[in-house]
Amino acid sequence: MSTTTVETSAEVTGPGAAQARPSKVRRPGEHGPVASLASHGVLIVASLVALFPIAWLIFLSLGPDKDDYLHPGRIWHTMTFDNYSFVLQHTNFFDWLKSSLIVSLGTTVIGVLVAATTGYAVSRMRFPGYRKLMWVLLVTQMFPIAVLIVPMYQILSDLGLIDSYLGLILVYCSTAVPYSAWLLKGYFDTIPFEIDEAGRVDGLSPFGTFARLILPLARPGLAVAAFYNFITAFGEVAFASTFMLDDSKYTFAVGLQSFVSEHDAQRNLMAATAVLVAIPVSAFFYLVQKNLVTGLTAGGTKG
């Protein structure tokens, strides 16, 4: 009795070798070269569209004449930093900077504190009317600024807070806190209740649990709320121009209006000031960008 042994080779040779090799399996969610090229092209175009206004503003700020925006080609041969020197030396730029930082940082601190405690209370506690409270906060966002200016002016006048930083901070908090409270309430909802229970087992009070356990986990959400409050106060015009009477207390947004009069517009100085104004905002964004991105894309728990 004989046995026959059949040997197989892993390698396939001959004309059909190319057809025998398995094609590369594409992973789920992996794009082909054409789709990847198209997506990168779209992102590049979107980035250029977003950066063009900023680059154009910087370019106009280097023009020596207020009408250079009508003939931008002339700027290439007459570029100068004299606009920046004039703004820093012959305007109330540093007064505007001080006022903007006081109002913006004050709104950020007070607004985030109130919004965080409100959002946490509604997320964790079931007191009578807690649902209606959040809806009332949402309804306050539906009123236009033009409707709110007159009653707010009357209230601040009765309290003696006209032309004061505190009065303007409270006004900004009234507009920034409702949205921030909704934002943080949704973020607190993603944090497990077991963390609160563990805090109570360890003997922490409700405020201790909130301050020592919940807030560190909610840092990304707090960063988003802080950035929103800061931007709201830093760039607002209507309230600041109405409630601040002393030109030394003007914020940047109101100070920019001083370059535009009924018969004249110094657009080159306005462009230079706008570039300088962007520096504090960019610095604040740099400080919170890590938590800001996390807060916009993730919840409060980690797997």
# chains A, B, ... in the order shown; residues from 1 in each chain; ligands from 1
$ closest_atom_pairs --of "segment 56-162 of chain A" --to "segment 272-280 of chain A" --cutoff "9 Å" --atoms "only C-alpha atoms" --output "JSON lines"
{"residue": "A:Leu57", "atom": "CA", "partner": "A:Val275", "partner_atom": "CA", "distance": 7.4}
{"residue": "A:Ile58", "atom": "CA", "partner": "A:Val275", "partner_atom": "CA", "distance": 6.6}
{"residue": "A:Leu60", "atom": "CA", "partner": "A:Ala272", "partner_atom": "CA", "distance": 8.0}
{"residue": "A:Ser61", "atom": "CA", "partner": "A:Ala272", "partner_atom": "CA", "distance": 4.6}
{"residue": "A:Leu62", "atom": "CA", "partner": "A:Ala272", "partner_atom": "CA", "distance": 7.6}
{"residue": "A:Phe81", "atom": "CA", "partner": "A:Ala272", "partner_atom": "CA", "distance": 8.8}
{"residue": "A:Asn83", "atom": "CA", "partner": "A:Ala272", "partner_atom": "CA", "distance": 6.1}
{"residue": "A:Tyr84", "atom": "CA", "partner": "A:Ala272", "partner_atom": "CA", "distance": 5.7}
{"residue": "A:Val87", "atom": "CA", "partner": "A:Thr273", "partner_atom": "CA", "distance": 6.6}
{"residue": "A:Leu88", "atom": "CA", "partner": "A:Thr273", "partner_atom": "CA", "distance": 8.7}
{"residue": "A:Phe93", "atom": "CA", "partner": "A:Thr273", "partner_atom": "CA", "distance": 8.2}
{"residue": "A:Leu97", "atom": "CA", "partner": "A:Val277", "partner_atom": "CA", "distance": 8.1}
{"residue": "A:Leu101", "atom": "CA", "partner": "A:Pro280", "partner_atom": "CA", "distance": 8.5}
$ residues_around --residues "Phe207 of chain A" --least-positions-apart "5" --cutoff "12 Å" --atoms "only C-alpha atoms" --output "list of chain:residue names"
A:Ala116, A:Thr117, A:Tyr120, A:Ala121, A:Arg124, A:Asp196, A:Gly199, A:Arg200, A:Arg212, A:Leu213, A:Ile214, A:Leu215
$ residues_around --residues "Leu245 of chain A" --least-positions-apart "3" --cutoff "12 Å" --atoms "only C-alpha atoms" --output "PDB file with all heavy atoms, in the first residue's frame"
ATOM      1  N   LEU A 161     -25.769 102.435  39.158  1.00  0.00           N
ATOM      2  CA  LEU A 161     -24.720 101.667  38.499  1.00  0.00           C
ATOM      3  C   LEU A 161     -24.469 102.106  37.060  1.00  0.00           C
ATOM      4  O   LEU A 161     -23.754 101.428  36.320  1.00  0.00           O
ATOM      5  CB  LEU A 161     -25.072 100.170  38.524  1.00  0.00           C
ATOM      6  CG  LEU A 161     -25.113  99.526  39.908  1.00  0.00           C
ATOM      7  CD1 LEU A 161     -25.531  98.066  39.798  1.00  0.00           C
ATOM      8  CD2 LEU A 161     -23.760  99.642  40.597  1.00  0.00           C
ATOM      9  N   ILE A 162     -25.072 103.234  36.655  1.00  0.00           N
ATOM     10  CA  ILE A 162     -24.778 103.761  35.325  1.00  0.00           C
ATOM     11  C   ILE A 162     -23.322 104.236  35.294  1.00  0.00           C
ATOM     12  O   ILE A 162     -22.830 104.847  36.242  1.00  0.00           O
ATOM     13  CB  ILE A 162     -25.730 104.921  34.970  1.00  0.00           C
ATOM     14  CG1 ILE A 162     -27.169 104.403  34.861  1.00  0.00           C
ATOM     15  CG2 ILE A 162     -25.304 105.585  33.676  1.00  0.00           C
ATOM     16  CD1 ILE A 162     -27.395 103.457  33.699  1.00  0.00           C
ATOM     17  N   ASP A 163     -22.636 103.974  34.198  1.00  0.00           N
ATOM     18  CA  ASP A 163     -21.235 104.362  34.014  1.00  0.00           C
ATOM     19  C   ASP A 163     -20.340 103.689  35.048  1.00  0.00           C
ATOM     20  O   ASP A 163     -19.386 104.290  35.573  1.00  0.00           O
ATOM     21  CB  ASP A 163     -21.078 105.886  34.089  1.00  0.00           C
ATOM     22  CG  ASP A 163     -19.753 106.360  33.492  1.00  0.00           C
ATOM     23  OD1 ASP A 163     -19.224 105.655  32.614  1.00  0.00           O
ATOM     24  OD2 ASP A 163     -19.246 107.410  33.917  1.00  0.00           O
ATOM     25  N   SER A 164     -20.644 102.419  35.349  1.00  0.00           N
ATOM     26  CA  SER A 164     -19.801 101.656  36.270  1.00  0.00           C
ATOM     27  C   SER A 164     -19.522 100.286  35.676  1.00  0.00           C
ATOM     28  O   SER A 164     -20.339  99.732  34.942  1.00  0.00           O
ATOM     29  CB  SER A 164     -20.471 101.504  37.640  1.00  0.00           C
ATOM     30  OG  SER A 164     -21.602 100.657  37.553  1.00  0.00           O
ATOM     31  N   TYR A 165     -18.357  99.747  36.004  1.00  0.00           N
ATOM     32  CA  TYR A 165     -17.992  98.425  35.498  1.00  0.00           C
ATOM     33  C   TYR A 165     -18.933  97.353  36.026  1.00  0.00           C
ATOM     34  O   TYR A 165     -19.319  96.432  35.295  1.00  0.00           O
ATOM     35  CB  TYR A 165     -16.556  98.089  35.890  1.00  0.00           C
ATOM     36  CG  TYR A 165     -15.521  98.968  35.228  1.00  0.00           C
ATOM     37  CD1 TYR A 165     -14.523  99.583  35.981  1.00  0.00           C
ATOM     38  CD2 TYR A 165     -15.528  99.177  33.858  1.00  0.00           C
ATOM     39  CE1 TYR A 165     -13.558 100.380  35.380  1.00  0.00           C
ATOM     40  CE2 TYR A 165     -14.568  99.974  33.246  1.00  0.00           C
ATOM     41  CZ  TYR A 165     -13.594 100.569  34.011  1.00  0.00           C
ATOM     42  OH  TYR A 165     -12.645 101.369  33.408  1.00  0.00           O
ATOM     43  N   LEU A 168     -22.228  97.170  34.073  1.00  0.00           N
ATOM     44  CA  LEU A 168     -22.089  96.547  32.758  1.00  0.00           C
ATOM     45  C   LEU A 168     -21.838  95.051  32.882  1.00  0.00           C
ATOM     46  O   LEU A 168     -22.344  94.252  32.072  1.00  0.00           O
ATOM     47  CB  LEU A 168     -20.940  97.211  32.003  1.00  0.00           C
ATOM     48  CG  LEU A 168     -20.835  96.885  30.504  1.00  0.00           C
ATOM     49  CD1 LEU A 168     -22.112  97.261  29.764  1.00  0.00           C
ATOM     50  CD2 LEU A 168     -19.640  97.602  29.891  1.00  0.00           C
ATOM     51  N   PHE A 239     -24.922  97.654  24.600  1.00  0.00           N
ATOM     52  CA  PHE A 239     -25.003  97.919  26.035  1.00  0.00           C
ATOM     53  C   PHE A 239     -23.860  98.816  26.494  1.00  0.00           C
ATOM     54  O   PHE A 239     -24.051  99.742  27.292  1.00  0.00           O
ATOM     55  CB  PHE A 239     -24.979  96.612  26.819  1.00  0.00           C
ATOM     56  CG  PHE A 239     -26.252  95.816  26.713  1.00  0.00           C
ATOM     57  CD1 PHE A 239     -26.216  94.442  26.513  1.00  0.00           C
ATOM     58  CD2 PHE A 239     -27.488  96.429  26.817  1.00  0.00           C
ATOM     59  CE1 PHE A 239     -27.382  93.714  26.415  1.00  0.00           C
ATOM     60  CE2 PHE A 239     -28.658  95.707  26.717  1.00  0.00           C
ATOM     61  CZ  PHE A 239     -28.606  94.336  26.512  1.00  0.00           C
ATOM     62  N   ALA A 240     -22.653  98.526  26.017  1.00  0.00           N
ATOM     63  CA  ALA A 240     -21.486  99.301  26.458  1.00  0.00           C
ATOM     64  C   ALA A 240     -21.589 100.767  26.044  1.00  0.00           C
ATOM     65  O   ALA A 240     -21.259 101.665  26.824  1.00  0.00           O
ATOM     66  CB  ALA A 240     -20.209  98.681  25.892  1.00  0.00           C
ATOM     67  N   SER A 241     -22.042 101.028  24.833  1.00  0.00           N
ATOM     68  CA  SER A 241     -22.149 102.416  24.373  1.00  0.00           C
ATOM     69  C   SER A 241     -23.297 103.153  25.049  1.00  0.00           C
ATOM     70  O   SER A 241     -23.292 104.387  25.103  1.00  0.00           O
ATOM     71  CB  SER A 241     -22.343 102.442  22.853  1.00  0.00           C
ATOM     72  OG  SER A 241     -23.523 101.746  22.485  1.00  0.00           O
ATOM     73  N   THR A 242     -24.267 102.436  25.611  1.00  0.00           N
ATOM     74  CA  THR A 242     -25.405 103.071  26.272  1.00  0.00           C
ATOM     75  C   THR A 242     -25.152 103.316  27.751  1.00  0.00           C
ATOM     76  O   THR A 242     -25.477 104.393  28.287  1.00  0.00           O
ATOM     77  CB  THR A 242     -26.667 102.214  26.117  1.00  0.00           C
ATOM     78  OG1 THR A 242     -26.931 102.001  24.732  1.00  0.00           O
ATOM     79  CG2 THR A 242     -27.870 102.882  26.764  1.00  0.00           C
ATOM     80  N   SER A 248     -13.154 107.305  29.011  1.00  0.00           N
ATOM     81  CA  SER A 248     -12.035 106.533  29.555  1.00  0.00           C
ATOM     82  C   SER A 248     -12.468 105.138  30.004  1.00  0.00           C
ATOM     83  O   SER A 248     -11.615 104.284  30.263  1.00  0.00           O
ATOM     84  CB  SER A 248     -11.399 107.270  30.738  1.00  0.00           C
ATOM     85  OG  SER A 248     -12.314 107.382  31.818  1.00  0.00           O
ATOM     86  N   LYS A 249     -13.775 104.901  30.087  1.00  0.00           N
ATOM     87  CA  LYS A 249     -14.301 103.593  30.464  1.00  0.00           C
ATOM     88  C   LYS A 249     -14.861 102.822  29.277  1.00  0.00           C
ATOM     89  O   LYS A 249     -15.461 101.768  29.455  1.00  0.00           O
ATOM     90  CB  LYS A 249     -15.386 103.754  31.533  1.00  0.00           C
ATOM     91  CG  LYS A 249     -14.881 104.285  32.866  1.00  0.00           C
ATOM     92  CD  LYS A 249     -15.992 104.345  33.892  1.00  0.00           C
ATOM     93  CE  LYS A 249     -15.472 104.852  35.221  1.00  0.00           C
ATOM     94  NZ  LYS A 249     -16.545 104.927  36.250  1.00  0.00           N
ATOM     95  N   TYR A 250     -14.662 103.349  28.079  1.00  0.00           N
ATOM     96  CA  TYR A 250     -15.127 102.640  26.893  1.00  0.00           C
ATOM     97  C   TYR A 250     -14.388 101.307  26.741  1.00  0.00           C
ATOM     98  O   TYR A 250     -13.197 101.206  27.044  1.00  0.00           O
ATOM     99  CB  TYR A 250     -14.883 103.469  25.634  1.00  0.00           C
ATOM    100  CG  TYR A 250     -15.852 104.619  25.439  1.00  0.00           C
ATOM    101  CD1 TYR A 250     -15.614 105.583  24.461  1.00  0.00           C
ATOM    102  CD2 TYR A 250     -16.990 104.752  26.214  1.00  0.00           C
ATOM    103  CE1 TYR A 250     -16.477 106.646  24.268  1.00  0.00           C
ATOM    104  CE2 TYR A 250     -17.861 105.810  26.029  1.00  0.00           C
ATOM    105  CZ  TYR A 250     -17.605 106.752  25.058  1.00  0.00           C
ATOM    106  OH  TYR A 250     -18.462 107.800  24.875  1.00  0.00           O
ATOM    107  N   THR A 251     -15.100 100.311  26.271  1.00  0.00           N
ATOM    108  CA  THR A 251     -14.457  99.061  25.895  1.00  0.00           C
ATOM    109  C   THR A 251     -13.935  99.180  24.462  1.00  0.00           C
ATOM    110  O   THR A 251     -14.185 100.166  23.768  1.00  0.00           O
ATOM    111  CB  THR A 251     -15.447  97.898  25.994  1.00  0.00           C
ATOM    112  OG1 THR A 251     -16.560  98.142  25.117  1.00  0.00           O
ATOM    113  CG2 THR A 251     -15.968  97.739  27.414  1.00  0.00           C
ATOM    114  N   VAL A 254     -16.572  99.843  21.716  1.00  0.00           N
ATOM    115  CA  VAL A 254     -17.067 101.217  21.657  1.00  0.00           C
ATOM    116  C   VAL A 254     -15.967 102.160  21.194  1.00  0.00           C
ATOM    117  O   VAL A 254     -16.217 103.117  20.439  1.00  0.00           O
ATOM    118  CB  VAL A 254     -17.615 101.655  23.020  1.00  0.00           C
ATOM    119  CG1 VAL A 254     -18.175 103.070  22.950  1.00  0.00           C
ATOM    120  CG2 VAL A 254     -18.693 100.685  23.496  1.00  0.00           C
ATOM    121  N   GLY A 255     -14.739 101.910  21.614  1.00  0.00           N
ATOM    122  CA  GLY A 255     -13.630 102.761  21.212  1.00  0.00           C
ATOM    123  C   GLY A 255     -13.407 102.767  19.714  1.00  0.00           C
ATOM    124  O   GLY A 255     -13.001 103.787  19.135  1.00  0.00           O
TER     125      GLY A 255
END
$ closest_residue --among "A:Pro144, A:Gly32, A:Pro216, A:Gly221" --to "Trp182 of chain A" --atoms "only C-alpha atoms"
A:Gly221
